[in-house]
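Participant: My structure is in protein.txt, and what it holds is compact mmCIF, C-alpha atoms and all ligand atoms:
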```txt
# COMPACT_ATOMS: atom_id res chain seq x y z
CA MET A 193 169.33 105.10 26.57
CA ARG A 194 172.37 106.38 24.64
CA ILE A 195 174.42 108.52 27.03
CA VAL A 196 177.45 110.69 26.31
CA LEU A 197 179.63 111.03 29.41
CA GLY A 198 181.67 114.24 29.33
CA ILE A 199 184.73 114.29 31.60
CA THR A 200 186.63 117.42 32.54
CA GLY A 201 189.93 118.03 34.30
CA GLY A 202 189.40 117.43 38.00
CA ILE A 203 190.79 114.79 40.33
CA ALA A 204 187.34 113.11 40.44
CA ALA A 205 187.85 112.17 36.77
CA TYR A 206 189.37 108.96 38.09
CA LYS A 207 185.82 107.93 39.07
CA ALA A 208 184.54 108.26 35.49
CA PRO A 209 185.26 104.61 34.53
CA GLU A 210 183.18 103.44 37.51
CA LEU A 211 180.33 105.72 36.39
CA VAL A 212 180.56 104.26 32.87
CA ARG A 213 180.34 100.78 34.39
CA LEU A 214 177.25 101.66 36.46
CA LEU A 215 175.48 103.30 33.53
CA LYS A 216 176.17 100.30 31.29
CA LYS A 217 174.99 97.96 34.02
CA ALA A 218 171.74 99.92 34.14
CA GLY A 219 171.28 99.10 30.45
CA HIS A 220 172.56 102.31 28.88
CA GLU A 221 174.98 102.62 25.96
CA VAL A 222 177.80 104.99 26.85
CA ARG A 223 180.32 106.98 24.80
CA CYS A 224 182.87 109.26 26.43
CA ALA A 225 184.00 112.76 25.52
CA ALA A 226 186.89 114.24 27.51
CA THR A 227 188.76 117.50 27.70
CA GLU A 228 192.54 117.58 27.27
CA HIS A 229 192.90 118.24 31.01
CA ALA A 230 190.66 115.29 31.94
CA LEU A 231 193.17 113.02 30.23
CA GLU A 232 195.76 114.10 32.81
CA PHE A 233 193.64 112.23 35.39
CA VAL A 234 192.16 109.29 33.49
CA THR A 235 193.53 107.63 30.40
CA ARG A 236 192.04 107.33 26.93
CA VAL A 237 192.68 103.56 26.99
CA THR A 238 190.68 103.14 30.22
CA LEU A 239 187.71 105.17 28.95
CA GLU A 240 187.68 103.43 25.57
CA THR A 241 187.93 100.02 27.22
CA VAL A 242 185.13 100.51 29.74
CA SER A 243 182.80 102.23 27.27
CA GLY A 244 183.70 99.99 24.33
CA ALA A 245 183.73 103.01 22.03
CA PRO A 246 186.30 105.52 20.72
CA LEU A 247 186.86 108.55 22.96
CA TYR A 248 185.94 111.96 21.58
CA SER A 249 188.50 114.50 22.75
CA ASP A 250 189.91 116.32 19.75
CA LEU A 251 187.73 118.69 17.76
CA PHE A 252 189.79 118.19 14.63
CA ALA A 253 191.03 114.60 14.82
CA SER A 254 188.16 112.63 13.35
CA GLY A 255 186.43 115.08 11.07
CA ARG A 256 185.13 118.45 12.12
CA THR A 257 181.56 117.39 12.64
CA GLU A 258 182.08 114.70 15.29
CA HIS A 259 180.35 116.97 17.84
CA ILE A 260 177.28 116.96 15.60
CA SER A 261 177.23 113.18 15.04
CA LEU A 262 177.77 112.56 18.77
CA LYS A 263 175.00 115.02 19.55
CA ASP A 264 172.72 113.16 17.12
CA TRP A 265 173.70 109.79 18.67
CA GLY A 266 173.36 110.82 22.32
CA GLU A 267 170.00 111.03 24.07
CA MET A 268 171.48 112.45 27.27
CA LEU A 269 174.75 114.20 28.19
CA VAL A 270 176.22 113.73 31.64
CA VAL A 271 179.27 115.80 32.65
CA ALA A 272 181.15 114.30 35.59
CA PRO A 273 183.21 115.81 36.95
CA ALA A 274 182.15 119.26 35.81
CA THR A 275 184.80 121.86 36.67
CA ALA A 276 184.19 125.57 37.28
CA ASN A 277 185.75 126.05 33.86
CA ILE A 278 183.25 123.97 31.86
CA ILE A 279 180.31 125.40 33.85
CA GLY A 280 181.55 128.90 33.08
CA LYS A 281 182.12 128.13 29.41
CA VAL A 282 178.62 126.77 28.87
CA ALA A 283 177.06 129.66 30.79
CA GLY A 284 179.03 132.08 28.60
CA GLY A 285 178.34 130.23 25.34
CA ILE A 286 181.99 129.44 24.71
CA ALA A 287 182.84 126.47 22.48
CA ASP A 288 186.61 126.17 22.20
CA ASP A 289 187.25 122.43 22.53
CA ALA A 290 185.56 119.10 21.82
CA LEU A 291 183.41 118.88 24.96
CA SER A 292 182.32 122.53 25.19
CA THR A 293 181.40 122.43 21.49
CA LEU A 294 179.36 119.27 22.04
CA LEU A 295 177.64 120.86 25.07
CA LEU A 296 176.47 123.85 23.06
CA ALA A 297 175.32 121.62 20.20
CA PHE A 298 173.39 119.42 22.66
CA SER A 299 170.59 121.89 23.26
CA GLY A 300 167.07 120.51 23.53
CA LYS A 301 168.19 117.24 25.14
CA PRO A 302 168.67 116.44 28.84
CA VAL A 303 171.99 117.40 30.41
CA ILE A 304 173.14 116.46 33.92
CA MET A 305 176.26 117.92 35.54
CA ALA A 306 178.14 116.73 38.62
CA PRO A 307 180.24 119.72 39.70
CA ALA A 308 183.54 119.10 41.49
CA MET A 309 185.99 121.75 42.63
CA ASN A 310 187.60 123.41 45.63
CA CYS A 311 185.04 124.74 48.14
CA GLU A 312 186.14 128.38 47.76
CA MET A 313 185.75 128.07 44.00
CA TRP A 314 182.30 126.54 44.39
CA ALA A 315 181.24 129.38 46.72
CA HIS A 316 182.53 132.06 44.34
CA PRO A 317 179.71 134.33 43.11
CA ALA A 318 180.75 133.81 39.48
CA VAL A 319 180.41 130.03 39.79
CA GLN A 320 177.12 130.32 41.68
CA ARG A 321 175.78 132.69 39.04
CA ASN A 322 176.85 130.33 36.24
CA VAL A 323 175.28 127.33 38.00
CA ALA A 324 172.03 129.28 38.42
CA THR A 325 172.10 130.16 34.70
CA LEU A 326 172.57 126.52 33.69
CA LYS A 327 169.81 125.42 36.07
CA SER A 328 167.47 128.02 34.58
CA TRP A 329 168.09 126.39 31.18
CA GLY A 330 167.04 123.01 32.57
CA ILE A 331 170.50 121.54 33.20
CA ARG A 332 170.31 119.37 36.31
CA MET A 333 173.05 119.49 38.95
CA VAL A 334 173.94 116.45 41.10
CA GLY A 335 176.01 117.55 44.09
CA PRO A 336 178.58 118.69 44.88
CA GLU A 337 178.83 117.01 48.27
CA GLU A 338 180.47 118.16 51.44
CA GLY A 339 183.60 116.30 52.47
CA GLU A 340 187.34 116.09 52.25
CA LEU A 341 188.68 117.62 49.05
CA ALA A 342 191.78 116.71 47.07
CA CYS A 343 193.47 119.97 48.14
CA GLY A 344 193.38 118.79 51.77
CA VAL A 345 190.57 121.00 53.09
CA SER A 346 187.00 120.01 53.88
CA GLY A 347 183.94 121.72 52.46
CA VAL A 348 181.34 121.61 49.70
CA GLY A 349 182.94 120.68 46.40
CA ARG A 350 183.34 116.89 46.28
CA MET A 351 181.82 115.25 43.23
CA ALA A 352 178.72 113.19 44.06
CA GLU A 353 179.54 109.47 44.13
CA PRO A 354 179.10 107.59 40.82
CA GLU A 355 176.14 105.68 42.35
CA ALA A 356 174.33 108.97 43.09
CA ILE A 357 175.00 110.26 39.57
CA ALA A 358 173.79 106.96 38.06
CA ALA A 359 170.65 107.19 40.24
CA ALA A 360 170.01 110.75 39.00
CA VAL A 361 170.33 109.48 35.43
CA CYS A 362 167.86 106.71 36.26
CA THR A 363 165.37 109.18 37.74
CA ALA A 364 165.68 111.40 34.68
CA THR A 365 165.31 108.54 32.20
CA CYS A 366 162.59 106.53 33.89
CA SER A 367 159.14 107.17 32.73
CA ARG A 368 157.21 106.88 36.02
CA ARG A 369 154.20 105.33 34.31
CA LEU A 370 153.93 102.52 36.86
CA GLN A 371 154.76 104.60 39.93
CA GLY A 372 152.66 103.53 42.90
CA GLN A 373 152.17 100.03 41.48
CA ARG A 374 153.61 96.78 42.85
CA TRP A 375 154.33 93.79 40.59
CA LEU A 376 155.34 90.23 41.33
CA VAL A 377 157.79 88.50 38.99
CA THR A 378 158.99 84.90 39.24
CA ALA A 379 162.29 83.93 37.62
CA GLY A 380 164.74 81.10 37.18
CA PRO A 381 164.48 77.37 37.73
CA THR A 382 163.39 75.41 40.78
CA TYR A 383 165.50 72.68 42.32
CA GLU A 384 163.67 69.67 43.72
CA ARG A 385 165.86 67.75 46.13
CA ILE A 386 166.47 64.04 45.70
CA ASP A 387 168.97 63.73 48.54
CA SER A 388 171.47 65.96 50.32
CA VAL A 389 173.59 66.45 47.13
CA ARG A 390 171.27 65.92 44.14
CA PHE A 391 168.23 67.64 42.70
CA ILE A 392 165.91 67.75 39.70
CA GLY A 393 166.34 71.12 37.97
CA ASN A 394 166.23 72.73 34.54
CA TYR A 395 168.25 75.07 32.32
CA SER A 396 166.53 78.35 33.19
CA SER A 397 169.13 81.05 33.93
CA GLY A 398 166.70 83.64 35.30
CA LYS A 399 167.70 86.17 32.60
CA MET A 400 164.15 86.64 31.30
CA GLY A 401 162.65 87.17 34.75
CA PHE A 402 165.40 89.53 35.91
CA ALA A 403 164.97 91.58 32.71
CA LEU A 404 161.23 91.81 33.44
CA ALA A 405 161.87 92.95 37.02
CA GLU A 406 164.28 95.61 35.80
CA ALA A 407 161.92 96.82 33.07
CA LEU A 408 159.06 97.18 35.59
CA ALA A 409 161.30 99.05 38.05
CA LYS A 410 162.48 101.38 35.28
CA GLU A 411 158.85 102.32 34.73
CA GLY A 412 158.57 103.22 38.41
CA ALA A 413 156.95 100.06 39.82
CA GLU A 414 157.94 98.39 43.09
CA VAL A 415 158.90 94.83 42.20
CA GLU A 416 158.78 91.65 44.26
CA LEU A 417 161.14 89.32 42.42
CA VAL A 418 160.87 85.70 43.58
CA SER A 419 163.77 83.83 42.06
CA GLY A 420 164.87 80.23 41.97
CA PRO A 421 168.58 79.41 42.16
CA THR A 422 170.57 81.64 39.80
CA ALA A 423 173.86 83.50 39.87
CA LEU A 424 172.20 86.70 38.65
CA LYS A 425 172.11 89.80 40.83
CA ILE A 426 169.96 92.87 40.61
CA ASP A 427 170.88 96.15 42.12
CA HIS A 428 167.83 98.38 41.95
CA PRO A 429 166.31 100.11 44.97
CA GLN A 430 162.78 99.25 43.80
CA VAL A 431 163.38 95.54 43.34
CA LYS A 432 163.10 93.29 46.38
CA VAL A 433 164.53 89.84 45.69
CA THR A 434 163.34 86.74 47.55
CA ARG A 435 165.56 83.76 46.78
CA VAL A 436 163.93 80.34 46.92
CA GLU A 437 164.97 76.86 45.90
CA SER A 438 161.96 74.61 45.34
CA ALA A 439 158.54 75.00 43.69
CA ARG A 440 156.88 74.83 47.09
CA GLU A 441 159.05 77.68 48.42
CA MET A 442 158.28 79.72 45.30
CA TYR A 443 154.57 78.96 45.78
CA ALA A 444 154.69 80.17 49.40
CA ALA A 445 156.50 83.42 48.50
CA ALA A 446 154.36 84.19 45.43
CA THR A 447 150.99 83.51 47.05
CA GLU A 448 151.98 85.65 50.04
CA VAL A 449 152.79 88.79 48.01
CA PHE A 450 150.26 88.49 45.17
CA PRO A 451 147.29 89.97 47.10
CA ARG A 452 149.31 93.23 47.53
CA CYS A 453 150.23 93.44 43.83
CA ASN A 454 148.69 95.15 40.82
CA GLY A 455 149.89 92.29 38.68
CA ALA A 456 152.20 89.31 38.33
CA ILE A 457 154.36 87.93 35.55
CA LEU A 458 155.41 84.32 36.06
CA SER A 459 158.42 83.54 33.91
CA ALA A 460 160.00 80.92 36.19
CA ALA A 461 160.50 77.40 34.90
CA VAL A 462 158.87 75.56 37.78
CA ALA A 463 159.27 71.80 38.15
CA ASP A 464 155.89 70.14 37.75
CA TYR A 465 157.00 67.19 39.89
CA ARG A 466 159.31 66.59 42.84
CA PRO A 467 160.66 63.42 44.43
CA ALA A 468 158.11 61.98 46.85
CA GLU A 469 160.85 61.71 49.45
CA CYS A 470 164.10 63.55 50.00
CA ALA A 471 166.88 61.60 51.69
CA ASP A 472 168.79 63.58 54.32
CA HIS A 473 172.04 61.83 53.27
CA LYS A 474 173.72 61.03 49.95
CA LEU A 475 171.98 58.03 48.41
CA LYS A 476 174.36 55.15 47.69
CA LYS A 477 174.25 52.67 44.81
CA ASN A 478 172.12 49.85 46.05
CA GLY A 479 173.67 47.13 43.89
CA SER A 480 170.77 46.86 41.46
CA GLU A 481 170.90 47.98 37.78
CA GLY A 482 168.29 50.69 38.03
CA MET A 483 166.68 52.92 40.53
CA HIS A 484 163.06 53.93 40.86
CA LEU A 485 162.34 57.52 41.84
CA GLU A 486 158.75 58.24 42.79
CA LEU A 487 157.58 61.73 41.86
CA VAL A 488 154.63 63.70 43.17
CA GLN A 489 153.02 66.78 41.67
CA ASN A 490 154.06 70.28 42.74
CA PRO A 491 151.47 72.99 43.35
CA ASP A 492 150.74 75.08 40.23
CA ILE A 493 151.63 78.63 41.28
CA LEU A 494 150.14 80.27 38.19
CA ALA A 495 146.82 78.42 38.47
CA THR A 496 146.62 79.30 42.17
CA LEU A 497 147.20 83.00 41.47
CA GLY A 498 144.55 82.72 38.74
CA SER A 499 142.05 81.50 41.33
CA MET A 500 143.08 84.24 43.80
CA LYS A 501 142.96 87.06 41.21
CA GLN A 502 140.80 90.03 42.13
CA GLU A 503 139.22 92.68 39.91
CA GLY A 504 141.90 95.06 38.65
CA GLN A 505 144.81 92.61 39.00
CA THR A 506 146.66 91.51 35.85
CA LEU A 507 148.04 87.99 35.63
CA VAL A 508 150.60 87.03 32.98
CA GLY A 509 151.93 83.52 32.49
CA PHE A 510 154.57 82.06 30.21
CA ALA A 511 154.19 78.93 28.13
CA LEU A 512 157.25 77.02 27.02
CA GLU A 513 156.12 74.76 24.21
CA THR A 514 157.67 72.44 21.66
CA ASP A 515 154.60 71.56 19.56
CA ASN A 516 151.03 72.81 19.04
CA GLU A 517 152.41 75.97 20.58
CA GLU A 518 149.56 78.41 20.05
CA ALA A 519 146.81 75.94 20.96
CA ASN A 520 148.61 74.86 24.14
CA ALA A 521 149.28 78.46 25.15
CA GLN A 522 145.65 79.40 24.53
CA ARG A 523 144.50 76.49 26.68
CA LYS A 524 146.76 77.58 29.57
CA LEU A 525 145.49 81.15 29.23
CA GLU A 526 141.90 80.05 29.74
CA LYS A 527 142.41 77.24 32.23
CA LYS A 528 144.56 79.33 34.58
CA ASN A 529 142.41 82.48 34.33
CA LEU A 530 145.22 84.63 32.83
CA ASP A 531 145.02 88.00 31.12
CA TYR A 532 148.03 87.33 28.91
CA ILE A 533 150.28 84.42 28.09
CA VAL A 534 153.78 84.79 26.68
CA LEU A 535 154.52 81.95 24.32
CA ASN A 536 158.09 80.74 24.03
CA SER A 537 158.63 78.14 21.34
CA LEU A 538 161.67 75.94 21.78
CA ARG A 539 161.69 75.61 18.00
CA ASP A 540 162.85 79.23 17.66
CA LYS A 541 166.62 79.45 17.47
CA GLY A 542 168.12 81.91 19.94
CA ALA A 543 165.01 81.82 22.15
CA GLY A 544 164.32 80.27 25.55
CA PHE A 545 166.69 78.90 28.17
CA GLY A 546 170.04 80.43 29.00
CA VAL A 547 170.57 82.68 25.96
CA ASP A 548 170.57 86.49 26.05
CA THR A 549 167.86 86.74 23.39
CA ASN A 550 164.26 85.66 23.10
CA LYS A 551 161.40 85.58 20.60
CA VAL A 552 157.87 85.48 21.96
CA THR A 553 154.21 85.79 21.05
CA ILE A 554 152.11 87.66 23.61
CA ILE A 555 148.55 86.39 23.47
CA GLY A 556 145.83 88.38 25.22
CA ARG A 557 142.53 87.18 26.65
CA ASP A 558 140.93 89.70 24.26
CA GLY A 559 142.36 87.70 21.32
CA SER A 560 145.28 90.07 20.70
CA HIS A 561 148.48 88.61 19.24
CA ASN A 562 151.76 90.46 19.52
CA GLU A 563 154.68 88.64 17.93
CA SER A 564 158.23 89.82 18.60
CA PRO A 565 161.27 89.34 16.41
CA LEU A 566 164.39 87.82 18.00
CA MET A 567 165.54 90.54 20.42
CA SER A 568 167.56 90.90 23.62
CA LYS A 569 165.71 89.71 26.73
CA GLN A 570 165.71 93.34 27.92
CA GLU A 571 163.90 94.41 24.75
CA VAL A 572 161.45 91.50 25.01
CA ALA A 573 160.81 92.48 28.64
CA GLY A 574 160.05 96.06 27.53
CA LEU A 575 157.60 94.78 24.93
CA ILE A 576 155.84 92.52 27.44
CA ILE A 577 155.55 95.33 30.01
CA ASN A 578 154.20 97.75 27.41
CA THR A 579 151.65 95.22 26.21
CA VAL A 580 150.34 94.06 29.58
CA THR A 581 150.25 97.48 31.27
CA SER A 582 148.80 99.63 28.50
O1 LIG B 1 165.45 81.93 32.60
P1 LIG B 1 165.93 82.03 31.17
O2 LIG B 1 167.16 81.21 30.91
O3 LIG B 1 166.06 83.46 30.71
O4 LIG B 1 164.79 81.36 30.24
C1 LIG B 1 163.53 81.95 30.14
C2 LIG B 1 162.42 80.88 30.09
C3 LIG B 1 162.61 80.01 28.86
C4 LIG B 1 162.47 80.01 31.34
C5 LIG B 1 161.06 81.68 30.04
O5 LIG B 1 161.05 82.49 28.90
C6 LIG B 1 159.87 80.73 30.00
O6 LIG B 1 159.43 80.28 28.95
N1 LIG B 1 159.32 80.45 31.21
C7 LIG B 1 158.22 79.47 31.40
C8 LIG B 1 158.80 78.12 31.52
C9 LIG B 1 157.77 77.07 31.88
O7 LIG B 1 157.97 76.39 32.84
O8 LIG B 1 156.73 77.01 31.11
P2 LIG B 1 155.48 75.99 31.36
O9 LIG B 1 154.74 76.02 30.07
O10 LIG B 1 155.95 74.70 31.90
O11 LIG B 1 154.65 76.71 32.50
C10 LIG B 1 153.56 77.56 32.23
C11 LIG B 1 153.44 78.65 33.23
O12 LIG B 1 153.07 78.11 34.51
C12 LIG B 1 154.72 79.46 33.49
O13 LIG B 1 154.35 80.81 33.69
C13 LIG B 1 155.25 78.88 34.78
O14 LIG B 1 155.99 79.84 35.53
C14 LIG B 1 153.97 78.47 35.50
N2 LIG B 1 154.06 77.32 36.42
C15 LIG B 1 154.38 76.09 35.96
C16 LIG B 1 154.39 75.03 36.83
C17 LIG B 1 154.08 75.24 38.19
N3 LIG B 1 154.09 74.24 39.05
N4 LIG B 1 153.77 76.47 38.61
C18 LIG B 1 153.76 77.51 37.74
O15 LIG B 1 153.48 78.64 38.15
```
Written as structure tokens, that's how I'd like the structure from this file.
Ligand code: PMT
Facilitator:
Amino acid sequence: MRIVLGITGGIAAYKAPELVRLLKKAGHEVRCAATEHALEFVTRVTLETVSGAPLYSDLFASGRTEHISLKDWGEMLVVAPATANIIGKVAGGIADDALSTLLLAFSGKPVIMAPAMNCEMWAHPAVQRNVATLKSWGIRMVGPEEGELACGVSGVGRMAEPEAIAAAVCTATCSRRLQGQRWLVTAGPTYERIDSVRFIGNYSSGKMGFALAEALAKEGAEVELVSGPTALKIDHPQVKVTRVESAREMYAAATEVFPRCNGAILSAAVADYRPAECADHKLKKNGSEGMHLELVQNPDILATLGSMKQEGQTLVGFALETDNEEANAQRKLEKKNLDYIVLNSLRDKGAGFGVDTNKVTIIGRDGSHNESPLMSKQEVAGLIINTVTS
């Protein structure tokens, strides 16, 4: 979502860069708009650097209609901190600077405010009346919290923490279409140990699987993310991550949770084979020219879930192919009892392992074909979720 973060002149303005960071991490695009007084507490350079976009703070500097173009660009306006002054201005319909003008122009779109001020000011009937007016227009308030205030006293007036504001944005932006559902996602590579320091692995980064988990959670689902070794982290209250190393560990975790799930999407690149034996020490050169490594087959997690699948469960596999792509994907779809298979061709530039983008064809059991252009893995994840849950 495209979010405009409005910052007004309170001490809590120093937390605005952290809020920008959290919103961007949650996948939003952010532009900042600040009052003149806000810039006494946080600098233009900081806000422009963290948001990656020019700061809007002067009604006349960059053309007189910037408030209109920013209103057209933004899908949500968050004001944090929101002083008594800005709350009063909006309630009274006053537009005398960049941010207040933008706020009045922003009607019809969601606005969230995080008030922050001295506790006596917050308790003042004028402020309470103004807050009630804004609420009656649909503006959502996050906080303020009770605690120690910058003026040295304790009371209600502290701005809600950036995490709480970001969570409120998430709640407001999430469609809760999948609320009450639980989905399993597998991600990343597996490592199959050869000895105490070596393994057989692959180039999967986990980006596709993590994007799928995030997209499901954004739609309100509880997600069980079973991930092979990857440096990626996910910070979403609805995503439970189980970290595993080998195909057999992934098999154990996935088969345990699948019966409790509405569906599963298996994007992990699982090793088909593992060394028959794993040495508990580092193998030494044995003097001969070559070395023979005996491999044995790993369990097929996807095929097992296909055999466990109950009425009403949706099972989605991936197929990473280099030739005869469609035919191979179609065969996997049928053989493993899937509802959908997401075909990844290694012949597509910018798709597959490691990169931030992907290009897929989603093939349905009903014969449907949904081909994506090259897009970010987040966008591909959104397309997959929409297709397999609609
Ligand atoms: O992690 P990234 O860097 O973002 O890269 C994403 C990706 C390229 C790994 C992903 O988009 C992808 O294509 N994943 C599937 C990779 C794969 O192993 O494909 P496959 O055709 O070998 O396997 C077919 C399906 O069976 C997959 O859903 C796989 O998870 C599953 N499988 C395979 C073997 C096995 N023993 N158990 C399985 O469950």
Participant: Which residues form the shell of 8 Å around ligand LIG 1 (chain B) when you count all atoms listed in the file, given as a PyMOL selection string?
Facilitator: chain A and resi 378-381+395-401+439+443+457-465+489-496+508-513+521+524+533-537+543-548+550+569
Participant: Could you please determine the separation between atom CA of A:Ser367 and atom CA of A:Glu353 in Å, to one decimal place?
Facilitator: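 Atom CA of A:Ser367 sits 23.5 Å away from atom CA of A:Glu353.
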Participant: Write out as a ChimeraX atom specification each polymer residue whose atoms come within 10 Å of A:Met193, counting all atoms listed in the file; drop sequence neighbours fewer than 6 positions from it.
Facilitator: /A:215-216,218-222,266-268,361-362,365
Participant: Under the rule that all atoms listed in the file are counted, which of A:Thr382, A:Asn322, A:Asn454, A:Thr447 is the nearest residue to A:Pro421?
Facilitator: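 Selected residue with least distance to A:Pro421: A:Thr382.
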Participant: Find the residues near A:Pro354: any atom within 9 Å, counting all atoms listed in the file, skip ones fewer than 6 places away on the same chain, and give them as a list of chain:residue names.
Facilitator: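 The contact residues come out as A:Lys207, A:Ala208, A:Glu210, A:Leu211, A:Val212, A:Leu214, A:Ala272.
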Participant: Please, what distance in Å, to one decimal, runs between atom CA of A:Pro273 and atom CA of A:Ser299?
Facilitator: 19.6 Å
Participant: Just the residues within 7 Å of A:Lys263, please, counting all atoms listed in the file, with nothing from its chain fewer than 2 positions along; format it as an mmCIF file with C-alpha atoms, keeping the file's coordinate frame.
Facilitator:
```cif
data_model
loop_
_atom_site.group_PDB
_atom_site.id
_atom_site.type_symbol
_atom_site.label_atom_id
_atom_site.label_comp_id
_atom_site.auth_asym_id
_atom_site.auth_seq_id
_atom_site.Cartn_x
_atom_site.Cartn_y
_atom_site.Cartn_z
ATOM 1 C CA HIS A 259 180.350 116.970 17.840
ATOM 2 C CA ILE A 260 177.280 116.960 15.600
ATOM 3 C CA SER A 261 177.230 113.180 15.040
ATOM 4 C CA TRP A 265 173.700 109.790 18.670
ATOM 5 C CA GLY A 266 173.360 110.820 22.320
ATOM 6 C CA LEU A 294 179.360 119.270 22.040
ATOM 7 C CA ALA A 297 175.320 121.620 20.200
ATOM 8 C CA PHE A 298 173.390 119.420 22.660
#
```
Participant: Env of stretch 339-352 of chain A: 9 Å cut, atoms = only C-alpha atoms, seq-sep filter 2 positions within chain, self excluded. Answer as a tab-separated table (two decimals) with C-alpha atoms, in the frame of the given file.
Facilitator:
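Output file selection-v1.tsv is given in full below:
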```tsv
chain	number	residue	atom	x	y	z
A	203	ILE	CA	190.79	114.79	40.33
A	204	ALA	CA	187.34	113.11	40.44
A	272	ALA	CA	181.15	114.30	35.59
A	273	PRO	CA	183.21	115.81	36.95
A	274	ALA	CA	182.15	119.26	35.81
A	306	ALA	CA	178.14	116.73	38.62
A	307	PRO	CA	180.24	119.72	39.70
A	308	ALA	CA	183.54	119.10	41.49
A	309	MET	CA	185.99	121.75	42.63
A	310	ASN	CA	187.60	123.41	45.63
A	311	CYS	CA	185.04	124.74	48.14
A	312	GLU	CA	186.14	128.38	47.76
A	313	MET	CA	185.75	128.07	44.00
A	314	TRP	CA	182.30	126.54	44.39
A	315	ALA	CA	181.24	129.38	46.72
A	334	VAL	CA	173.94	116.45	41.10
A	335	GLY	CA	176.01	117.55	44.09
A	336	PRO	CA	178.58	118.69	44.88
A	337	GLU	CA	178.83	117.01	48.27
A	354	PRO	CA	179.10	107.59	40.82
A	355	GLU	CA	176.14	105.68	42.35
A	356	ALA	CA	174.33	108.97	43.09
A	357	ILE	CA	175.00	110.26	39.57
```
